[in-house]
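J.: Attaching a single structure in structure tokens format; questions to follow.
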Amino acid sequence: MSFPWANHYKPSHPFMVYLDEKLPLPRFVYNAIGAGYPVPRNLNYMWNFGVLAGFCLLLQIVTGVVLAMHYAANSGIAFDSVEHIMRDVNYGWLLRYAHANGASAFFAVVYIHIFRGFFYGSYKPPREMIWLLGVAIFLLMMATAFMGYVLPWGQMSYWGAQVITGLFSAIPIVGNGLHTWLLGGFAPVDATLNRFYALHFLLPFVILGMIILHIWSLHIPGSSNPTGVEVKSESDTVPFHPYYTAKDGFGLGCFLVVYCLMMFYAPNALGHPDNYIPANPMQTPAHIVPEWYFWPFYAILRAFTQDFFMIPAKLMGVLAMFSSILVWFFLPWLDRSPVRSGHYRPLHRKFFWVLVADVVLLGWCGGSPAEEPYVMISQLAAVYYFVHFLIVLPIVSSIEKPEPLPFSITESVLGKDDQAALAGAPASA
Amino acid sequence: MVRIIAFFAGLFFALALLWSFGKGLVSYVTSPPAATAEHAFHLAPRPLHLASDGPFGKFDMQQVQRGFQVYKEVCSNCHALHEVAFRDLKAIGYNDDEVKAIAAGFKVPHYDARTGEVKTVNGLPTDHFPPVVYGGQGSPPDLSLITKARHGGAAYVYSLLTGFQKQPAALLAHFPEAKTPDGLYYNPYFANLNIAMPPPLTADGQVSYKDNTPATVDQMAQDVAAFLVWTAEPKLENRHQAGFATVGFLIFATVLAYMAYRNVWADKKH
């Protein structure tokens with residue numbers, strides 16, 4: 001669906017006319033990300049990050065497929081095959097650093113994309129389905145990134161696999177059996193490495209499919225915008241192309257500069273030195289820490305240090321860690337405020353920034369060793385995390401007095417007088 | 001209904017966390033974590049400046065070759081260099097004949113498929129540095145990636161090699177149980193302060209440099225650290241150069257993209 005004033009695809013070249021009859025793929029692209037998709041004119045740079053996330057996925061798939069041509073998923077030689085890529089494969093070092101830092105870039109971009117959603121209420125009707133698909137994509141990303149990190153078969157790969165698959169053993173009754181079944185052994189072994197490799201190759205394509213659904217469902221109501229006011233007339237929108245292709249092109253350039261600076265000049269800054277030590281099942285690293293993008297969730301996992309009403313601490317931690325993301329699925333029904341955008345929600349806006357600070361604090365604790373005072377800080381931060389989503393948001397949405405909304409997107413951009421002038425001349429600007 | 005369930009779910013997690021927090025706090029107050037010698041006496045690596053540092057860094061080939069000499073004459077008695085092939089040494093300035101000679105100086109295990117015997121033969125340029133059989137205390141790590149596999153990298157290697165010393169009296173006074181056990185050596189740059197490696201660089205002039213650089217212990221430690229930066233990342237120079245070109249191009253392209261964006265939006269207030 002689209003707005004009635006959307007441009008229509010009119011092929012002029014005879015071949016394009018022919019193609020449009022037989023396989024209207026150009027028409028599909030035109031309507032999806034071309035001049036046929038009207039988009040609110042007031043999107044700010046926060047709306048760049050969806051495109052950037054899509055770019056990151058493609059980058060990961062392209063570099064990953066080439067890396068797969070040189071990598072050997074065998075626990076005896078996996079570590080050396082990665083070093084073979086770094087030393088003997090033409091531009092292998094570039095591919096591997098692009099892929100490893102690409103994962104970090106992907107998560108950074110997606111976190112901004114998600115928090116954009118939190119602030120601007122992007123999860124609210126009529127866009128719930130986009131949000132639900134997005135959370136599912138994030139879960140798939142986490143699984144993919146985790147299994148990818150195991151592949152170099154360094155110390156942190158091995159012990160990370162040990163810890164994370166060990167979470168399943170916390171499940172009552174079936175836990176231990178499930179754990180062994182997932183690993184294909186009693187500890188991470190060659191079978192584990194092989195299945196992780198197969199899944200690490202498969203899941204990005206599942207993510208790609210999910211992204212197509214994500215964008216499909218986005219095109220039904222159309223993009224949201226910083227005011228949260230729905231599109232009312234043609235003057236509220238511009239065609240995606242050339243307006244947002246141009247703006248996203250600039251955003252992509254900025255992203256690539258930062259990403260390439262990381263990749264070429266600090267390629268190991270976000271990695272852990274221990275992963276340059278080959279996996280050794282007989283020697284546990286002093287501190288087992290995941291990659292930075294898992295730190296907040298890792299902090300929540302470790303915050304549960306005491307059994308609670310017969311529930312073992314480990315099970316509580318696992319439940320809480322999964323719940324900390326599953327709770328996002330329920331956001332559209334927890335936050336019932338009729339106003340979307342944080343710009344017009346004074347209370348919600350304040351709690352949003354507390355949440356940002358809280359997640360950063362959790363991340364800091366998650367990257368630190370499991371000692372005091374980090375554990376106590378992470379416990380309090382985790383309390384706020386759950387209270388924010390499950391208690392604060394529903395209460396805020398019912399007691400808050402939102403600020404007055406602009407009548408339309410055009411009014412918010414041009415001001416009331418210009419809007420009045422526009423009302424005189426029928427929507428055609 | 002969702003919100004009522006959510007409220008109780010939130011309460012459940014919050015109470016479980018506060019319960020953990022409370023018990024943690026009580027034990028933190030009643031029995032605070034004891035100070036350890038590792039916390040009190042471990043030192044961060046001393047700064048080391050190498051030619052390969054920074055965005056325009058290049059290897060100082062003289063220094064890397066000196067470092068290789070230190071590795072060959074001292075470190076290689078216990079430490080392997082498994083990821084590096086002899087042919088790779090051409091990248092630090094040795095010619096084909098020199099590489100052949102260096103390779104031939106190492107004994108490499110060779111499996112003879114006809115007799116089924118494993119014999120040691122002279123290395124060829126295509127061989128990697130051979131494994132080292134070590135029977136002493138501790139397990140000397142492979143050094144190929146050591147500067148990437150330790151916090152502090154080259155500075156850590158340099159500090160560790162020059163950091164052997166007598167245990168400070170203050171340490172023994174505060175932590176008598178932390179006395180260095182027999183067979184280990186005190187080194188404040190090592191994570192748990194006591195390392196199984198005896199001081200490898202003991203005297204000035206232990207190695208006779210071909211370029212007549214005075215072989216002080218400090219110099220040898222710096223040189224071998226520089227060499228191990230190269231073994232860990234032989235493509236470092238290519239990376240720095242490619243990065244400069246790539247980022248330069250991207251900044252140019254981004255400026256163009258910005259101008260295109262301003263141009264396209266010139267007639268639209270937003």
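Residues in the structure tokens are numbered from 1 in each chain, the chains being A, B, ... in the order shown, and ligands are numbered from 1 in the order shown.
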Considering only C-alpha atoms, return as a PyMOL selection string whatever protein or nucleic-acid residues lie within 7 Å of region 257-265 of chain B, sequence-local ones (same chain, fewer than 2 positions apart) excluded.
T.: (chain A and resi 242-243+246-247+249-250) or (chain B and resi 253-255+267-268)
J.: Now that the selection is made, can you save its residues with C-alpha atoms as a PDB file, in the first residue's frame?
T.:
```
ATOM      1  CA  PRO A 242      16.092  11.223  -4.487  1.00  0.00           C
ATOM      2  CA  TYR A 243      15.477  12.834  -1.087  1.00  0.00           C
ATOM      3  CA  ALA A 246      20.741  11.390  -0.959  1.00  0.00           C
ATOM      4  CA  LYS A 247      20.469  11.800   2.803  1.00  0.00           C
ATOM      5  CA  GLY A 249      24.163   8.341   1.116  1.00  0.00           C
ATOM      6  CA  PHE A 250      25.670  11.032   3.284  1.00  0.00           C
TER       7      PHE A 250
ATOM      8  CA  ALA B 253      33.176  10.844  -1.109  1.00  0.00           C
ATOM      9  CA  THR B 254      31.299  11.846   2.045  1.00  0.00           C
ATOM     10  CA  VAL B 255      31.840  15.537   1.327  1.00  0.00           C
ATOM     11  CA  ASP B 267      13.918  23.394  -2.196  1.00  0.00           C
ATOM     12  CA  LYS B 268      12.512  21.472   0.770  1.00  0.00           C
TER      13      LYS B 268
END
```
J.: Quick one: everything within 7 Å of region 299-308 of chain A, counting only C-alpha atoms, minus sequence neighbours fewer than 2 positions away in the same chain. Send it as a list of chain:residue names.
T.: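 Final neighbour list, sorted by chain and number: A:Trp295, A:Pro296, A:Phe297, A:Met310, A:Ile311, A:Pro312, A:Ala313, A:Met316, A:Gly317, A:Val318, A:Ala320, A:Met321, A:Leu362, A:Gly363, A:Cys365, A:Gly366, A:Val375, A:Ser378, A:Gln379, A:Ala382, B:Ala16, B:Leu17, B:Ser20.
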J.: Which is closest to Asn74 (chain A) among A:Pro26, A:Pro221, A:Pro152, A:Gly251, if we use only C-alpha atoms?
T.: A:Pro152
J.: Please determine, counting only C-alpha atoms, which residue among A:Val257, A:Ala53, A:Leu193, A:Met69 has the shortest atom-to-atom distance to Val110 (chain A).
T.: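 The shortest atom-to-atom distance to Val110 (chain A) comes from A:Ala53.
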J.: What parts of region 84-326 of chain A does DSSP call alpha helix (DSSP H)? I'd like the answer as a count of residues only.
T.: 150
J.: Compile the contact shell of Thr165 (chain A) as a list in words: residues with an atom at most 10 Å away, counting only C-alpha atoms, same-chain residues fewer than 4 positions apart removed.
T.: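 The residues satisfying every condition are Trp159, Gly160, Ala161, Ser169, Ala170, Leu178, His179, Thr180, Leu182, Leu183, Ala187 and Pro188 of chain A.
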J.: What does the file look like for those residues with C-alpha atoms, as a compact mmCIF listing (two decimals), in the first residue's frame?
T.:
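Printed below is out.txt as written:
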```txt
# COMPACT_ATOMS: atom_id res chain seq x y z
CA TRP A 159 35.08 -20.60 27.12
CA GLY A 160 32.36 -18.31 25.81
CA ALA A 161 30.78 -21.34 24.15
CA SER A 169 21.83 -26.75 31.72
CA ALA A 170 20.05 -24.47 34.21
CA LEU A 178 19.71 -30.53 26.37
CA HIS A 179 23.14 -29.06 27.03
CA THR A 180 24.93 -32.20 25.83
CA LEU A 182 23.29 -28.82 21.80
CA LEU A 183 27.05 -29.22 22.09
CA ALA A 187 32.09 -29.75 26.51
CA PRO A 188 32.66 -27.72 23.33
```
J.: Which residues are near Leu184 (chain B)? Cut-off 10 Å, only C-alpha atoms, ignore same chain within fewer than 2 positions. Put them as a list in words.
T.: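 Once the adjacent positions are removed, what remains is Gln137, Gly138, Thr180, Pro181, Asp182, Tyr186, Asn187, Leu193, Asn194, Ile195, Ala196, Met197 and Pro198 of chain B.
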J.: Write to file, as a short mmCIF file (atom, residue, chain, number, x, y, z; two decimals), in the first residue's frame, the residues of the selection just made, with N, CA and C atoms.
T.:
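selection00.cif was written with the following content:
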```cif
data_model
loop_
_atom_site.label_atom_id
_atom_site.label_comp_id
_atom_site.auth_asym_id
_atom_site.auth_seq_id
_atom_site.Cartn_x
_atom_site.Cartn_y
_atom_site.Cartn_z
N GLN B 137 59.85 -26.71 34.02
CA GLN B 137 58.64 -26.29 34.72
C GLN B 137 57.92 -25.23 33.89
N GLY B 138 56.58 -25.21 33.97
CA GLY B 138 55.80 -24.22 33.23
C GLY B 138 55.59 -24.66 31.80
N THR B 180 57.36 -15.69 46.82
CA THR B 180 57.55 -16.41 45.56
C THR B 180 58.01 -17.84 45.84
N PRO B 181 57.28 -18.84 45.34
CA PRO B 181 57.66 -20.23 45.60
C PRO B 181 58.97 -20.58 44.90
N ASP B 182 59.62 -21.64 45.37
CA ASP B 182 60.86 -22.09 44.73
C ASP B 182 60.58 -22.43 43.28
N TYR B 186 59.96 -13.64 40.69
CA TYR B 186 59.07 -12.50 40.91
C TYR B 186 59.17 -11.52 39.75
N ASN B 187 57.98 -11.12 39.23
CA ASN B 187 57.93 -10.16 38.14
C ASN B 187 56.60 -9.40 38.23
N LEU B 193 52.19 -12.29 39.49
CA LEU B 193 53.46 -11.81 40.07
C LEU B 193 54.59 -12.83 40.04
N ASN B 194 54.27 -14.12 39.91
CA ASN B 194 55.32 -15.13 39.95
C ASN B 194 55.30 -15.94 38.66
N ILE B 195 56.39 -15.89 37.94
CA ILE B 195 56.43 -16.50 36.62
C ILE B 195 57.44 -17.64 36.63
N ALA B 196 57.14 -18.69 35.84
CA ALA B 196 58.03 -19.85 35.82
C ALA B 196 59.26 -19.60 34.95
N MET B 197 59.20 -18.58 34.09
CA MET B 197 60.32 -18.31 33.19
C MET B 197 61.46 -17.64 33.96
N PRO B 198 62.66 -18.22 33.93
CA PRO B 198 63.80 -17.52 34.54
C PRO B 198 64.13 -16.29 33.71
#
```
J.: I need the residue nearest chain B from this list: A:Thr192, A:Ser75, A:Asn42, A:Asn268. Use only C-alpha atoms for the distance.
T.: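 Closest to chain B, using only C-alpha atoms: A:Asn42.
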J.: Just want the 10 Å neighbourhood of Glu291 (chain A), counted on only C-alpha atoms, with same-chain residues fewer than 5 positions away dropped. Output as number ranges by chain.
T.: A: 103-104, 145-146, 149, 156, 160, 270-272, 298, 366-367
J.: So that I have them on file, write out the residues from the current selection with C-alpha atoms, as a PDB file, in the first residue's frame.
T.:
```pdb
ATOM      1  CA  ALA A 103      29.903  -7.333  13.717  1.00  0.00           C
ATOM      2  CA  SER A 104      30.582  -4.551  16.212  1.00  0.00           C
ATOM      3  CA  ALA A 145      27.263 -13.211  16.500  1.00  0.00           C
ATOM      4  CA  PHE A 146      27.761 -15.634  19.375  1.00  0.00           C
ATOM      5  CA  TYR A 149      32.769 -15.612  17.831  1.00  0.00           C
ATOM      6  CA  MET A 156      37.469 -16.739  24.631  1.00  0.00           C
ATOM      7  CA  GLY A 160      32.364 -18.315  25.808  1.00  0.00           C
ATOM      8  CA  LEU A 270      37.045  -4.174  20.680  1.00  0.00           C
ATOM      9  CA  GLY A 271      38.279  -7.772  20.831  1.00  0.00           C
ATOM     10  CA  HIS A 272      39.733  -9.591  23.805  1.00  0.00           C
ATOM     11  CA  TYR A 298      25.819 -10.626  30.607  1.00  0.00           C
ATOM     12  CA  GLY A 366      29.146  -6.772  32.284  1.00  0.00           C
ATOM     13  CA  GLY A 367      32.601  -6.067  30.902  1.00  0.00           C
TER      14      GLY A 367
END
```
J.: Which residues are close to Pro285 (chain A), i.e. within 8 Å by only C-alpha atoms, leaving aside same-chain residues fewer than 2 positions away? Reply as a PyMOL selection string.
T.: chain A and resi 155-156+159+274+283+287-288
J.: Between CA of Asn7 (chain A) and CA of Glu234 (chain A), what is the distance in Å, rounded to a tenth?
T.: 11.1 Å
J.: Env of Val84 (chain B): 12 Å cut, atoms = only C-alpha atoms, seq-sep filter 2 positions within chain, self excluded. Answer as a ChimeraX atom specification.
T.: /A:80,83-84,86-88 /B:68,80-82,86-91,103,125-131,142-145,227-228,230-234
J.: Write out as a PyMOL selection string every residue belonging to chain B that has an atom at most 8 Å from any atom of chain A, counting only C-alpha atoms.
T.: chain B and resi 2-3+6-7+9-11+13-14+16-21+23-25+28+54-55+83+145-146+148-151+233-235+239-240+242-243+246-247+250-251+253-255+257-258+260-261+264-265+269-270
J.: Would you save the residues of that selection, restricted to C-alpha atoms, as a compact mmCIF listing (two decimals), in the first residue's frame?
T.:
```txt
# COMPACT_ATOMS: atom_id res chain seq x y z
CA VAL B 2 -0.80 -7.50 30.01
CA ARG B 3 0.14 -4.63 32.26
CA ALA B 6 3.96 -7.21 33.63
CA PHE B 7 3.74 -5.44 36.98
CA ALA B 9 6.82 -9.97 36.58
CA GLY B 10 8.73 -6.74 37.16
CA LEU B 11 8.20 -7.06 40.90
CA PHE B 13 12.69 -9.82 39.06
CA ALA B 14 13.23 -6.71 41.18
CA ALA B 16 15.00 -11.44 43.37
CA LEU B 17 17.68 -8.92 42.46
CA LEU B 18 17.26 -6.95 45.68
CA TRP B 19 17.49 -10.19 47.65
CA SER B 20 20.79 -10.98 45.89
CA PHE B 21 21.93 -7.40 46.40
CA LYS B 23 22.86 -10.66 50.82
CA GLY B 24 25.83 -9.47 48.79
CA LEU B 25 25.91 -6.21 50.67
CA TYR B 28 30.55 -7.29 51.69
CA GLY B 54 50.51 5.00 15.20
CA PRO B 55 48.53 5.35 12.00
CA GLU B 83 52.44 -19.40 12.81
CA LEU B 145 50.79 -13.90 18.46
CA ILE B 146 51.99 -12.94 21.90
CA LYS B 148 48.16 -9.50 20.38
CA ALA B 149 47.36 -12.08 23.05
CA ARG B 150 48.32 -9.98 26.09
CA HIS B 151 46.91 -6.73 27.43
CA GLU B 233 50.83 -8.82 12.49
CA PRO B 234 53.12 -9.10 9.46
CA LYS B 235 50.62 -7.16 7.33
CA ARG B 239 47.00 -2.11 6.77
CA HIS B 240 48.24 1.35 7.65
CA ALA B 242 45.46 0.84 2.77
CA GLY B 243 43.68 2.58 5.63
CA THR B 246 40.55 4.22 2.05
CA VAL B 247 39.72 6.79 4.71
CA LEU B 250 35.80 8.05 2.00
CA ILE B 251 36.13 11.55 3.44
CA ALA B 253 33.18 10.84 -1.11
CA THR B 254 31.30 11.85 2.05
CA VAL B 255 31.84 15.54 1.33
CA ALA B 257 27.51 13.03 -0.69
CA TYR B 258 26.84 15.92 1.69
CA ALA B 260 24.50 16.13 -3.15
CA TYR B 261 22.21 15.91 -0.13
CA VAL B 264 18.61 17.63 -3.52
CA TRP B 265 16.97 19.14 -0.45
CA LYS B 269 12.43 22.82 4.28
CA HIS B 270 12.84 19.95 6.72
```
J.: Just give me the gap between CA of Gln62 (chain B) and CA of Lys210 (chain B) in Å, one decimal is fine.
T.: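 Computing the Euclidean distance for CA of Gln62 (chain B) and CA of Lys210 (chain B) yields 9.9 Å.
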J.: I'd like to know which of B:Ala203, B:Ala154, B:Ala173, B:Val132 is closest to Pro109 (chain B), using only C-alpha atoms.
T.: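 Smallest distance to Pro109 (chain B) is found for B:Val132.
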J.: Measuring atom to atom with only C-alpha atoms, identify which of A:Tyr37, A:Phe106, A:Phe322, A:Tyr120 is nearest to Arg345 (chain A).
T.: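 Of all the options, A:Tyr120 lies closest to Arg345 (chain A).
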